[in-house]
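Visitor: What follows is data.txt; its format and atoms are compact mmCIF, C-alpha atoms.
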```
# COMPACT_ATOMS: atom_id res chain seq x y z
CA MET E 31 -22.95 6.53 -74.03
CA ALA E 32 -26.38 7.64 -72.92
CA LEU E 33 -28.71 4.92 -71.69
CA ALA E 34 -32.43 5.24 -72.38
CA LEU E 35 -34.62 4.91 -69.31
CA GLY E 36 -37.25 2.13 -69.36
CA LYS E 37 -35.46 0.21 -72.11
CA PRO E 38 -33.86 -3.16 -71.41
CA LEU E 39 -30.05 -3.06 -71.51
CA SER E 40 -28.31 -4.80 -74.37
CA ASN E 41 -25.56 -7.32 -73.60
CA GLN E 42 -22.94 -4.73 -74.54
CA GLU E 43 -24.57 -2.04 -72.41
CA SER E 44 -25.03 -4.45 -69.53
CA GLY E 45 -21.38 -5.45 -69.66
CA LEU E 46 -20.26 -1.81 -69.74
CA PHE E 47 -22.52 -0.98 -66.78
CA LEU E 48 -21.15 -3.86 -64.74
CA ALA E 49 -17.58 -2.85 -65.62
CA LEU E 50 -18.23 0.76 -64.58
CA ALA E 51 -19.92 -0.39 -61.38
CA SER E 52 -17.05 -2.74 -60.61
CA SER E 53 -14.51 0.01 -61.31
CA SER E 54 -16.41 2.44 -59.07
CA GLU E 55 -16.66 -0.18 -56.32
CA LYS E 56 -12.92 -0.85 -56.56
CA ARG E 57 -12.17 2.86 -56.25
CA VAL E 58 -14.42 3.08 -53.18
CA HIS E 59 -12.75 0.03 -51.65
CA SER E 60 -9.33 1.47 -52.53
CA VAL E 61 -10.15 4.75 -50.78
CA GLU E 62 -11.59 2.87 -47.82
CA ASN E 63 -8.51 0.64 -47.65
CA GLN E 64 -6.20 3.67 -47.83
CA ASP E 65 -8.21 5.38 -45.09
CA SER E 66 -8.15 2.22 -42.99
CA ALA E 67 -4.39 1.83 -43.51
CA PHE E 68 -3.86 5.50 -42.60
CA ARG E 69 -5.87 5.08 -39.41
CA ARG E 70 -3.94 1.94 -38.48
CA VAL E 71 -0.63 3.74 -38.95
CA VAL E 72 -1.79 6.73 -36.90
CA GLU E 73 -3.23 4.49 -34.19
CA HIS E 74 0.13 2.80 -33.60
CA GLN E 75 2.12 6.03 -33.43
CA PHE E 76 3.82 6.78 -30.13
CA THR E 77 3.20 10.47 -30.90
CA ALA E 78 -0.25 11.78 -30.00
CA VAL E 79 -2.02 12.51 -33.32
CA ALA E 80 -5.33 14.27 -34.04
CA VAL E 81 -6.89 14.85 -37.47
CA LEU E 82 -9.11 17.97 -37.70
CA ASP E 83 -11.44 19.25 -40.39
CA SER E 84 -11.39 22.80 -41.77
CA GLU E 85 -13.45 24.01 -38.79
CA PHE E 86 -10.91 22.40 -36.41
CA ARG E 87 -13.37 19.72 -35.32
CA VAL E 88 -11.80 16.40 -34.35
CA GLU E 89 -12.30 13.73 -37.03
CA HIS E 90 -9.85 11.12 -35.77
CA ILE E 91 -7.59 10.74 -32.75
CA ASN E 92 -5.22 7.94 -31.76
CA SER E 93 -4.90 6.25 -28.38
CA SER E 94 -1.77 8.24 -27.45
CA ALA E 95 -3.75 11.48 -27.89
CA GLU E 96 -6.62 10.07 -25.81
CA LEU E 97 -4.17 9.41 -22.97
CA LEU E 98 -2.58 12.83 -23.35
CA LEU E 99 -5.89 14.72 -23.36
CA VAL E 100 -7.50 12.40 -20.78
CA ARG E 101 -10.61 11.92 -22.93
CA SER E 102 -11.90 9.06 -25.02
CA GLU E 103 -12.28 9.12 -28.79
CA LYS E 104 -16.06 9.02 -28.35
CA GLN E 105 -15.93 12.22 -26.27
CA LEU E 106 -13.60 14.00 -28.68
CA ILE E 107 -14.96 13.21 -32.17
CA GLY E 108 -16.91 16.20 -33.49
CA GLN E 109 -15.64 18.57 -30.79
CA ARG E 110 -13.73 21.70 -31.74
CA PHE E 111 -10.14 21.04 -30.76
CA ASP E 112 -9.60 24.49 -29.26
CA SER E 113 -12.59 23.98 -26.93
CA LEU E 114 -10.49 21.49 -24.95
CA PHE E 115 -8.17 24.22 -23.72
CA ALA E 116 -8.46 27.22 -21.44
CA ASN E 117 -6.09 29.20 -23.68
CA ALA E 118 -8.15 28.52 -26.83
CA ASP E 119 -7.04 31.73 -28.59
CA ASP E 120 -3.41 30.60 -28.56
CA ILE E 121 -4.38 27.25 -30.08
CA LEU E 122 -6.51 28.89 -32.79
CA GLN E 123 -3.68 31.25 -33.69
CA VAL E 124 -1.29 28.34 -34.35
CA LEU E 125 -3.88 26.36 -36.35
CA ALA E 126 -4.84 29.39 -38.44
CA SER E 127 -1.19 30.25 -39.04
CA ALA E 128 -0.51 26.79 -40.52
CA ILE E 129 -3.51 27.11 -42.86
CA ASP E 130 -2.63 30.69 -43.93
CA GLU E 131 0.96 29.72 -44.71
CA GLY E 132 -0.03 26.42 -46.30
CA ALA E 133 2.87 24.71 -44.56
CA SER E 134 3.71 22.88 -41.37
CA VAL E 135 4.17 24.95 -38.24
CA SER E 136 6.17 23.56 -35.32
CA VAL E 137 6.25 24.93 -31.78
CA ARG E 138 8.59 23.87 -28.99
CA SER E 139 7.77 23.66 -25.29
CA ALA E 140 4.39 25.39 -25.50
CA THR E 141 2.15 25.34 -22.44
CA TRP E 142 -1.46 24.33 -23.12
CA GLU E 143 -3.96 24.49 -20.28
CA LEU E 144 -6.58 21.77 -20.49
CA VAL E 145 -9.98 22.88 -19.20
CA HIS E 146 -10.32 19.86 -16.91
CA ARG E 147 -6.77 19.29 -15.60
CA ASP E 148 -3.30 20.75 -15.13
CA SER E 149 -1.40 22.33 -18.00
CA LEU E 150 0.68 20.39 -20.51
CA THR E 151 4.08 21.37 -21.88
CA LEU E 152 4.21 20.13 -25.47
CA ASP E 153 6.27 20.07 -28.62
CA PHE E 154 3.78 20.01 -31.49
CA ILE E 155 3.55 20.20 -35.29
CA VAL E 156 0.48 21.44 -37.21
CA SER E 157 0.31 20.33 -40.87
CA PRO E 158 -2.50 21.26 -43.28
CA PHE E 159 -3.29 18.88 -46.18
CA MET E 160 -5.96 18.33 -48.82
CA GLU E 161 -8.02 15.15 -48.90
CA GLY E 162 -10.73 14.66 -51.54
CA GLY E 163 -10.72 18.38 -52.24
CA GLU E 164 -11.32 19.22 -48.59
CA LEU E 165 -8.91 20.86 -46.16
CA ARG E 166 -7.70 18.83 -43.20
CA VAL E 167 -5.24 19.52 -40.40
CA ILE E 168 -3.06 16.90 -38.77
CA LEU E 169 -1.73 17.74 -35.33
CA GLU E 170 1.20 15.85 -33.76
CA MET E 171 1.83 16.37 -30.04
CA VAL E 172 4.74 15.16 -27.90
CA PRO E 173 4.92 16.03 -24.19
CA ALA E 174 8.16 17.97 -23.72
CA ASP E 175 8.48 16.74 -20.14
CA ARG E 176 8.36 13.14 -21.38
CA ALA E 177 11.31 13.76 -23.71
CA VAL E 178 13.22 15.39 -20.86
CA ARG E 179 12.40 12.46 -18.57
CA ILE E 180 13.56 9.87 -21.10
CA SER E 181 16.81 11.77 -21.68
CA ARG E 182 17.35 12.19 -17.93
CA ASP E 183 16.71 8.52 -17.22
CA GLU E 184 19.05 7.46 -20.02
CA GLY E 185 21.82 9.64 -18.63
CA ARG E 186 21.28 8.47 -15.05
CA ILE E 187 21.28 4.79 -16.00
CA ASP E 188 24.45 5.18 -18.07
CA GLN E 189 26.19 7.05 -15.25
CA SER E 190 25.06 4.46 -12.69
CA GLU E 191 26.38 1.67 -14.88
CA THR E 192 29.73 3.44 -15.25
CA SER E 193 29.88 4.02 -11.49
CA ARG E 194 29.15 0.36 -10.79
CA HIS E 195 31.95 -0.74 -13.11
CA LEU E 196 34.40 1.60 -11.40
CA VAL E 197 33.33 0.50 -7.92
CA ARG E 198 33.56 -3.17 -8.85
CA GLY E 199 37.04 -2.67 -10.26
CA LEU E 200 38.11 -0.90 -7.09
CA ALA E 201 36.48 -3.59 -4.93
CA HIS E 202 38.48 -6.31 -6.66
CA GLU E 203 41.69 -4.35 -6.07
CA ILE E 204 40.83 -4.02 -2.36
CA LYS E 205 39.75 -7.64 -1.89
CA ASN E 206 43.03 -9.20 -2.98
CA PRO E 207 45.33 -7.51 -0.41
CA LEU E 208 42.68 -7.94 2.30
CA GLY E 209 43.14 -11.70 2.13
CA GLY E 210 46.89 -11.27 2.56
CA ILE E 211 46.46 -8.92 5.54
CA ARG E 212 44.07 -11.33 7.27
CA GLY E 213 46.32 -14.33 6.66
CA ALA E 214 49.38 -12.49 7.95
CA ALA E 215 47.48 -11.42 11.09
CA GLN E 216 46.47 -15.03 11.77
CA LEU E 217 50.07 -16.24 11.42
CA LEU E 218 51.29 -13.45 13.65
CA ALA E 219 48.67 -14.31 16.31
CA SER E 220 49.88 -17.93 16.40
CA GLU E 221 53.47 -16.77 17.03
CA LEU E 222 52.72 -14.28 19.79
CA PRO E 223 53.42 -15.63 23.28
CA ASN E 224 51.21 -13.12 25.10
CA GLU E 225 47.41 -13.25 24.81
CA ASP E 226 47.26 -9.51 25.47
CA LEU E 227 49.22 -8.95 22.29
CA GLN E 228 46.82 -11.21 20.39
CA GLU E 229 44.06 -8.67 21.05
CA TYR E 230 45.69 -6.45 18.42
CA THR E 231 45.81 -9.18 15.79
CA LYS E 232 42.17 -9.98 16.61
CA VAL E 233 41.22 -6.38 15.77
CA ILE E 234 43.10 -6.65 12.46
CA ILE E 235 41.30 -9.88 11.56
CA GLU E 236 37.85 -8.53 12.52
CA GLU E 237 38.34 -5.32 10.54
CA ALA E 238 39.61 -7.28 7.55
CA ASP E 239 36.45 -9.42 7.70
CA ARG E 240 34.27 -6.32 7.94
CA LEU E 241 35.92 -4.79 4.88
CA ARG E 242 35.64 -8.07 2.98
CA ASN E 243 31.88 -8.16 3.64
CA LEU E 244 31.57 -4.58 2.43
CA VAL E 245 33.55 -5.41 -0.71
CA ASP E 246 31.33 -8.42 -1.39
CA ARG E 247 28.30 -6.12 -1.22
CA LEU E 248 30.00 -3.69 -3.60
CA LEU E 249 30.63 -6.49 -6.08
CA GLY E 250 26.93 -7.38 -5.90
CA SER E 251 25.21 -10.59 -6.84
CA HIS E 252 26.56 -12.51 -9.82
CA GLN E 253 23.54 -14.78 -9.95
CA LEU E 254 21.44 -14.35 -13.09
CA PRO E 255 17.71 -13.80 -12.52
CA GLU E 256 15.38 -16.77 -12.88
CA PHE E 257 12.27 -15.50 -14.64
CA HIS E 258 8.85 -16.97 -13.91
CA GLN E 259 5.24 -15.81 -14.08
CA LEU E 260 4.33 -14.12 -10.81
CA ASN E 261 1.78 -11.83 -9.21
CA ILE E 262 3.34 -8.53 -8.16
CA HIS E 263 0.93 -8.28 -5.24
CA GLN E 264 2.31 -11.51 -3.76
CA VAL E 265 5.76 -9.90 -3.86
CA LEU E 266 4.46 -6.79 -2.08
CA GLU E 267 2.62 -8.89 0.51
CA ARG E 268 5.85 -10.71 1.28
CA VAL E 269 7.63 -7.37 1.72
CA SER E 270 4.81 -6.12 3.96
CA SER E 271 5.04 -9.19 6.19
CA LEU E 272 8.80 -8.68 6.59
CA LEU E 273 8.32 -5.01 7.45
CA LYS E 274 5.61 -5.79 10.00
CA ALA E 275 8.08 -7.86 11.96
CA GLU E 276 10.44 -4.87 12.07
CA VAL E 277 8.07 -1.97 12.71
CA GLY E 278 5.47 -3.55 14.98
CA GLY E 279 2.64 -1.03 15.24
CA ARG E 280 4.78 2.09 15.05
CA ILE E 281 4.27 2.68 11.33
CA GLU E 282 1.07 2.09 9.35
CA LEU E 283 1.43 -0.03 6.22
CA VAL E 284 -1.22 0.87 3.61
CA ARG E 285 -2.08 -1.22 0.54
CA ASP E 286 -3.69 0.40 -2.49
CA TYR E 287 -3.73 -2.36 -5.09
CA ASP E 288 -5.31 -2.63 -8.52
CA PRO E 289 -6.55 -6.25 -8.48
CA SER E 290 -6.99 -6.32 -12.27
CA ILE E 291 -3.23 -6.23 -12.92
CA PRO E 292 -2.25 -9.47 -14.72
CA GLU E 293 0.77 -11.59 -13.89
CA MET E 294 4.20 -10.44 -15.03
CA THR E 295 7.50 -12.16 -15.73
CA GLY E 296 10.19 -11.73 -13.12
CA ASP E 297 12.56 -13.14 -10.52
CA GLU E 298 10.59 -13.21 -7.26
CA SER E 299 13.60 -13.03 -4.91
CA GLN E 300 15.11 -10.07 -6.77
CA LEU E 301 11.78 -8.21 -6.82
CA ILE E 302 11.32 -8.80 -3.09
CA GLN E 303 14.81 -7.34 -2.56
CA VAL E 304 13.92 -4.30 -4.73
CA PHE E 305 10.85 -3.30 -2.73
CA LEU E 306 12.32 -4.34 0.61
CA ASN E 307 15.31 -2.03 0.05
CA ILE E 308 13.05 0.88 -0.91
CA ALA E 309 10.66 0.29 1.98
CA ARG E 310 13.47 -0.08 4.52
CA ASN E 311 14.87 3.27 3.41
CA ALA E 312 11.43 4.77 4.05
CA LEU E 313 11.23 2.97 7.39
CA GLN E 314 14.60 4.33 8.54
CA ALA E 315 13.71 7.87 7.45
CA LEU E 316 10.41 7.73 9.34
CA THR E 317 11.99 6.22 12.46
CA GLU E 318 14.93 8.62 12.62
CA SER E 319 12.76 11.70 12.15
CA ASP E 320 10.04 10.47 14.53
CA VAL E 321 7.20 11.45 12.14
CA PRO E 322 3.72 11.46 13.74
CA ASN E 323 1.15 9.21 12.00
CA ALA E 324 3.96 7.66 9.99
CA GLN E 325 2.88 5.47 7.09
CA ILE E 326 4.24 3.63 4.08
CA ILE E 327 1.89 3.10 1.12
CA PHE E 328 2.22 0.34 -1.49
CA LYS E 329 0.24 1.34 -4.59
CA THR E 330 -0.12 -0.50 -7.91
CA ARG E 331 -1.57 0.76 -11.19
CA THR E 332 -1.24 0.07 -14.92
CA VAL E 333 -0.01 2.69 -17.38
CA ARG E 334 -0.63 2.47 -21.13
CA GLN E 335 1.66 3.51 -23.98
CA PHE E 336 4.66 4.11 -21.72
CA THR E 337 8.29 4.49 -22.78
CA ILE E 338 11.13 2.89 -20.81
CA ARG E 339 14.46 4.09 -22.13
CA GLN E 340 13.96 3.87 -25.93
CA SER E 341 11.28 1.15 -25.95
CA ARG E 342 7.58 1.92 -26.05
CA HIS E 343 5.37 -0.56 -24.21
CA ARG E 344 1.66 -1.03 -24.72
CA ILE E 345 1.08 -1.53 -21.02
CA VAL E 346 3.31 -1.43 -17.93
CA VAL E 347 2.71 -1.97 -14.23
CA ARG E 348 3.65 0.90 -11.94
CA ILE E 349 4.41 0.20 -8.28
CA ASP E 350 4.67 3.21 -5.96
CA VAL E 351 6.22 3.09 -2.49
CA ILE E 352 5.21 6.31 -0.72
CA ASP E 353 6.12 7.57 2.74
CA ASN E 354 5.30 10.77 4.64
CA GLY E 355 8.81 11.25 5.98
CA PRO E 356 11.06 14.33 5.87
CA GLY E 357 12.03 13.84 2.23
CA ILE E 358 15.34 13.61 0.42
CA ALA E 359 17.63 16.61 0.02
CA LYS E 360 17.42 18.09 -3.49
CA ASP E 361 21.18 17.96 -4.02
CA LEU E 362 21.07 14.22 -3.24
CA LEU E 363 17.97 13.29 -5.23
CA GLU E 364 19.70 12.87 -8.59
CA LYS E 365 22.51 10.76 -7.05
CA ILE E 366 20.70 8.33 -4.76
CA PHE E 367 20.93 5.40 -7.21
CA TYR E 368 24.72 5.69 -7.49
CA PRO E 369 26.88 3.29 -5.42
CA MET E 370 28.25 4.64 -2.12
CA ILE E 371 25.84 7.61 -2.07
CA SER E 372 23.74 7.82 1.10
CA GLY E 373 21.89 10.51 3.02
CA ARG E 374 22.58 8.84 6.36
CA ALA E 375 25.85 8.73 8.26
CA SER E 376 25.39 5.00 8.89
CA GLY E 377 24.33 4.16 5.32
CA THR E 378 26.52 2.36 2.79
CA GLY E 379 24.73 3.68 -0.32
CA LEU E 380 24.41 0.17 -1.77
CA GLY E 381 20.69 -0.56 -1.29
CA LEU E 382 19.29 1.72 -4.02
CA SER E 383 22.15 0.91 -6.37
CA LEU E 384 21.10 -2.74 -6.09
CA VAL E 385 17.48 -1.68 -6.67
CA GLN E 386 18.37 -0.04 -9.97
CA GLN E 387 20.50 -3.01 -11.02
CA PHE E 388 17.70 -5.53 -10.42
CA VAL E 389 15.06 -3.27 -12.03
CA GLU E 390 17.21 -2.95 -15.16
CA LEU E 391 17.54 -6.74 -15.34
CA HIS E 392 13.73 -6.79 -15.61
CA ASN E 393 13.76 -4.18 -18.43
CA GLY E 394 12.18 -1.76 -15.98
CA MET E 395 12.77 1.74 -14.68
CA VAL E 396 12.80 3.36 -11.24
CA GLU E 397 12.18 7.02 -10.43
CA CYS E 398 12.01 9.07 -7.27
CA GLU E 399 10.17 12.27 -6.39
CA SER E 400 10.59 13.82 -2.97
CA ASP E 401 9.37 16.83 -1.05
CA PRO E 402 9.12 17.37 2.71
CA GLY E 403 6.25 15.19 3.89
CA ARG E 404 6.12 12.94 0.81
CA THR E 405 8.69 10.72 -0.90
CA GLN E 406 7.58 8.46 -3.75
CA PHE E 407 9.59 5.75 -5.47
CA SER E 408 7.92 4.58 -8.68
CA VAL E 409 9.02 1.32 -10.32
CA TYR E 410 7.81 0.45 -13.84
CA PHE E 411 7.86 -3.01 -15.39
CA PRO E 412 6.59 -3.99 -18.84
CA LEU E 413 3.84 -6.57 -18.72
CA GLU E 414 5.00 -8.16 -21.97
CA ALA E 415 6.93 -11.38 -21.47
CA LEU E 416 10.70 -10.97 -21.22
CA ASN E 417 13.03 -12.87 -23.55
CA VAL E 418 14.37 -15.58 -21.25
```
Could you write out this file's structure as structure tokens?

Guide:
Amino acid sequence: MALALGKPLSNQESGLFLALASSSEKRVHSVENQDSAFRRVVEHQFTAVAVLDSEFRVEHINSSAELLLVRSEKQLIGQRFDSLFANADDILQVLASAIDEGASVSVRSATWELVHRDSLTLDFIVSPFMEGGELRVILEMVPADRAVRISRDEGRIDQSETSRHLVRGLAHEIKNPLGGIRGAAQLLASELPNEDLQEYTKVIIEEADRLRNLVDRLLGSHQLPEFHQLNIHQVLERVSSLLKAEVGGRIELVRDYDPSIPEMTGDESQLIQVFLNIARNALQALTESDVPNAQIIFKTRTVRQFTIRQSRHRIVVRIDVIDNGPGIAKDLLEKIFYPMISGRASGTGLGLSLVQQFVELHNGMVECESDPGRTQFSVYFPLEALNV
């Protein structure tokens, strides 16, 4: 129906106009709601996602992609996506290929060199789609090294758990006859008329006690953690004060804290034991190798959108314990968290096994990187409250 300009609307025409306007407004709101819902879904994806227009300019990017590309959404919107990379031609070739074929293109373990930082190794999928008659490209990016790390950590934790079960079973089998040996040696000592002969039973008793103490350490603590709100820096300060008493002024203790880190949920005594065990390992390595200008650094930072095992956390605290010692042998690096594995002749290999056990009880994760002159243990804890 054509409406004459300058003529008042009839009731029928007015009603039709309002109905059309309402219908149009609903369609606009529907599109806006769909777009808003789409953006919310993309924003909460663990995968880094970028939406590009037909000229490969960034229209939308989620927080995971911001972290991956080390740029904010404000810096990225409107920028050509390929301009972010030193190897722009390779990126353009993949994007163009997806559009030419009209289908998704996936690439595994591709190396992209960001113009402002080191290269990234990524698995990514490029998918063209039409929206409102206009071509768009959605790009999903997953760091390949992250997937490898998660798989490696899963395997190591499972193997450590299996090793602990085996060691505990063996420790129980050893502990039972030890009590009998010690008791028999005590009875024998009481029957011997000569004190010189009792020296031999004394050796048996002392060695039985030494083995029993070792077995108790193998069995570990059976006490469940008591979770409370705590400041991780107070834990590290306690560890530092204990180390100071041991090292004197021979080794420099450096603190590099992020004071904005909020409180976390944890068992203070277990966390003190975690970082004390790690730091004492560093201390022994520095002392035995007589490193000049020896130092141990305690460093805290927050990390966003981080995955521990199969759980993604919005924010975690990362605590690094770094030393400038000789490093850990490469063939030992993947085994150091297993019970009874030690790089020192005098070591029992129980300290780091206990570290991993306590970290797991806090839903955390521990990693180690080591080269000559720098060894770094990194412990991650989620800042969300634990279910206690």

Visitor: What's the separation between atom CA of E:Glu364 and atom CA of E:Ser400, in Å to one decimal place?

Guide: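 These atoms are spaced 10.7 Å apart.
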
Visitor: Identify, on the basis of all atoms listed in the file, every residue whose closest approach to E:Leu283 does not exceed 9 Å; exclude the query and any residue fewer than 5 positions from it along the same chain; express the result as number ranges by chain.

Guide: E: 270, 273-274, 324-328

Visitor: Distance cut-off 10 Å, centre (-9.2, 9.2, -33.3) in file coordinates, counting all atoms listed in the file: which residues qualify? Return them as a list of chain:residue names.

Guide: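 Applying the cut-off with all atoms listed in the file, one gets E:Arg69, E:Val72, E:Glu73, E:Ala78, E:Val79, E:Ala80, E:Val81, E:Leu82, E:Val88, E:Glu89, E:His90, E:Ile91, E:Asn92, E:Ser93, E:Ser94, E:Ala95, E:Glu96, E:Ser102, E:Glu103, E:Lys104, E:Leu106, E:Ile107.
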
Visitor: Neighbouring residues of stretch 346-360 of chain E were defined as those with any atom within 6 Å, considering all atoms listed in the file; residues of the same chain fewer than 2 positions away were excluded. Please report them as an MDAnalysis selection string.

Guide: chainID E and resid 316 325:333 362:363 400:413

Visitor: Could you jot down the atom CA of E:Val277 to atom CA of E:Thr317 separation for me, Å, one decimal place?

Guide: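 Here the two named atoms are 9.1 Å from each other.
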
Visitor: Quick check, in Å to one decimal: how far apart do atom CA of E:Ile366 and atom CA of E:Leu391 lie?

Guide: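 It comes out at 18.7 Å.
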
Visitor: Which is closest to E:Leu99 among E:Glu256, E:Glu143, E:Glu390, E:Asp361, if we use only C-alpha atoms?

Guide: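 Using only C-alpha atoms, the shortest distance to E:Leu99 belongs to E:Glu143.
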
Visitor: Which protein, DNA or RNA residues are at most 9 Å from (-5.8, -3.8, -7.5) in the file's coordinates when you count all atoms listed in the file, listed as a list of chain:residue names?

Guide: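 Collected hits near the coordinates: E:His263, E:Asp286, E:Tyr287, E:Asp288, E:Pro289, E:Ser290, E:Ile291, E:Lys329, E:Thr330, E:Arg331.
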
Visitor: Could you write out that same residue set with C-alpha atoms as a short mmCIF file (atom, residue, chain, number, x, y, z; two decimals), keeping the file's coordinate frame?

Guide:
```cif
data_model
loop_
_atom_site.label_atom_id
_atom_site.label_comp_id
_atom_site.auth_asym_id
_atom_site.auth_seq_id
_atom_site.Cartn_x
_atom_site.Cartn_y
_atom_site.Cartn_z
CA HIS E 263 0.93 -8.28 -5.24
CA ASP E 286 -3.69 0.40 -2.49
CA TYR E 287 -3.73 -2.36 -5.09
CA ASP E 288 -5.31 -2.63 -8.52
CA PRO E 289 -6.55 -6.25 -8.48
CA SER E 290 -6.99 -6.32 -12.27
CA ILE E 291 -3.23 -6.23 -12.92
CA LYS E 329 0.24 1.34 -4.59
CA THR E 330 -0.12 -0.50 -7.91
CA ARG E 331 -1.57 0.76 -11.19
#
```

Visitor: Which is closest to E:Ile302 among E:Lys365, E:Arg242, E:Phe388, E:Tyr230, if we use only C-alpha atoms?

Guide: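 The answer is E:Phe388, which sits nearest to E:Ile302.
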
Visitor: Neighbours of stretch 110-121 of chain E within 7 Å (all atoms listed in the file; same-chain residues fewer than 2 positions away dropped), as an NGL selection string?

Guide: :E and (86-88 or 108 or 123-125 or 142-145)

Visitor: Between E:Glu236, E:Leu306, E:Thr231, E:Gly394, single out the one closest to E:Glu267, counting only C-alpha atoms.

Guide: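 Going through E:Glu236, E:Leu306, E:Thr231, E:Gly394 one by one, the smallest distance to E:Glu267 is for E:Leu306.
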
Visitor: From the options E:Ser157, E:Gln303, E:Gln264, E:Gln340, which residue's atoms come nearest to E:Ala128, counting all atoms listed in the file?

Guide: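 Comparing E:Ser157, E:Gln303, E:Gln264, E:Gln340 against E:Ala128, the winner is E:Ser157.
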
Visitor: Between E:Pro207, E:Ser127, E:Asp83, E:Pro223, which is the closest to E:Ile168 once you count all atoms listed in the file?

Guide: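 For E:Ile168, the nearest of the candidates is E:Asp83.
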
Visitor: When you count all atoms listed in the file, which of these residues is closest to E:Val167: E:Glu225, E:Glu131, E:Glu237, E:Glu85?

Guide: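 Of E:Glu225, E:Glu131, E:Glu237, E:Glu85, the one nearest E:Val167, counting all atoms listed in the file, is E:Glu85.
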
Visitor: Need to verify the contact set: E:Pro173, 9 Å, all atoms listed in the file, exclusion of same-chain residues closer than 5 positions in sequence. Can you return it as an mmCIF file with C-alpha atoms, in the frame of the given file?

Guide:
```cif
data_model
loop_
_atom_site.group_PDB
_atom_site.id
_atom_site.type_symbol
_atom_site.label_atom_id
_atom_site.label_comp_id
_atom_site.auth_asym_id
_atom_site.auth_seq_id
_atom_site.Cartn_x
_atom_site.Cartn_y
_atom_site.Cartn_z
ATOM 1 C CA THR E 77 3.200 10.470 -30.900
ATOM 2 C CA ALA E 78 -0.250 11.780 -30.000
ATOM 3 C CA LEU E 98 -2.580 12.830 -23.350
ATOM 4 C CA SER E 139 7.770 23.660 -25.290
ATOM 5 C CA LEU E 150 0.680 20.390 -20.510
ATOM 6 C CA THR E 151 4.080 21.370 -21.880
ATOM 7 C CA LEU E 152 4.210 20.130 -25.470
ATOM 8 C CA ASP E 153 6.270 20.070 -28.620
ATOM 9 C CA PHE E 154 3.780 20.010 -31.490
ATOM 10 C CA VAL E 178 13.220 15.390 -20.860
#
```
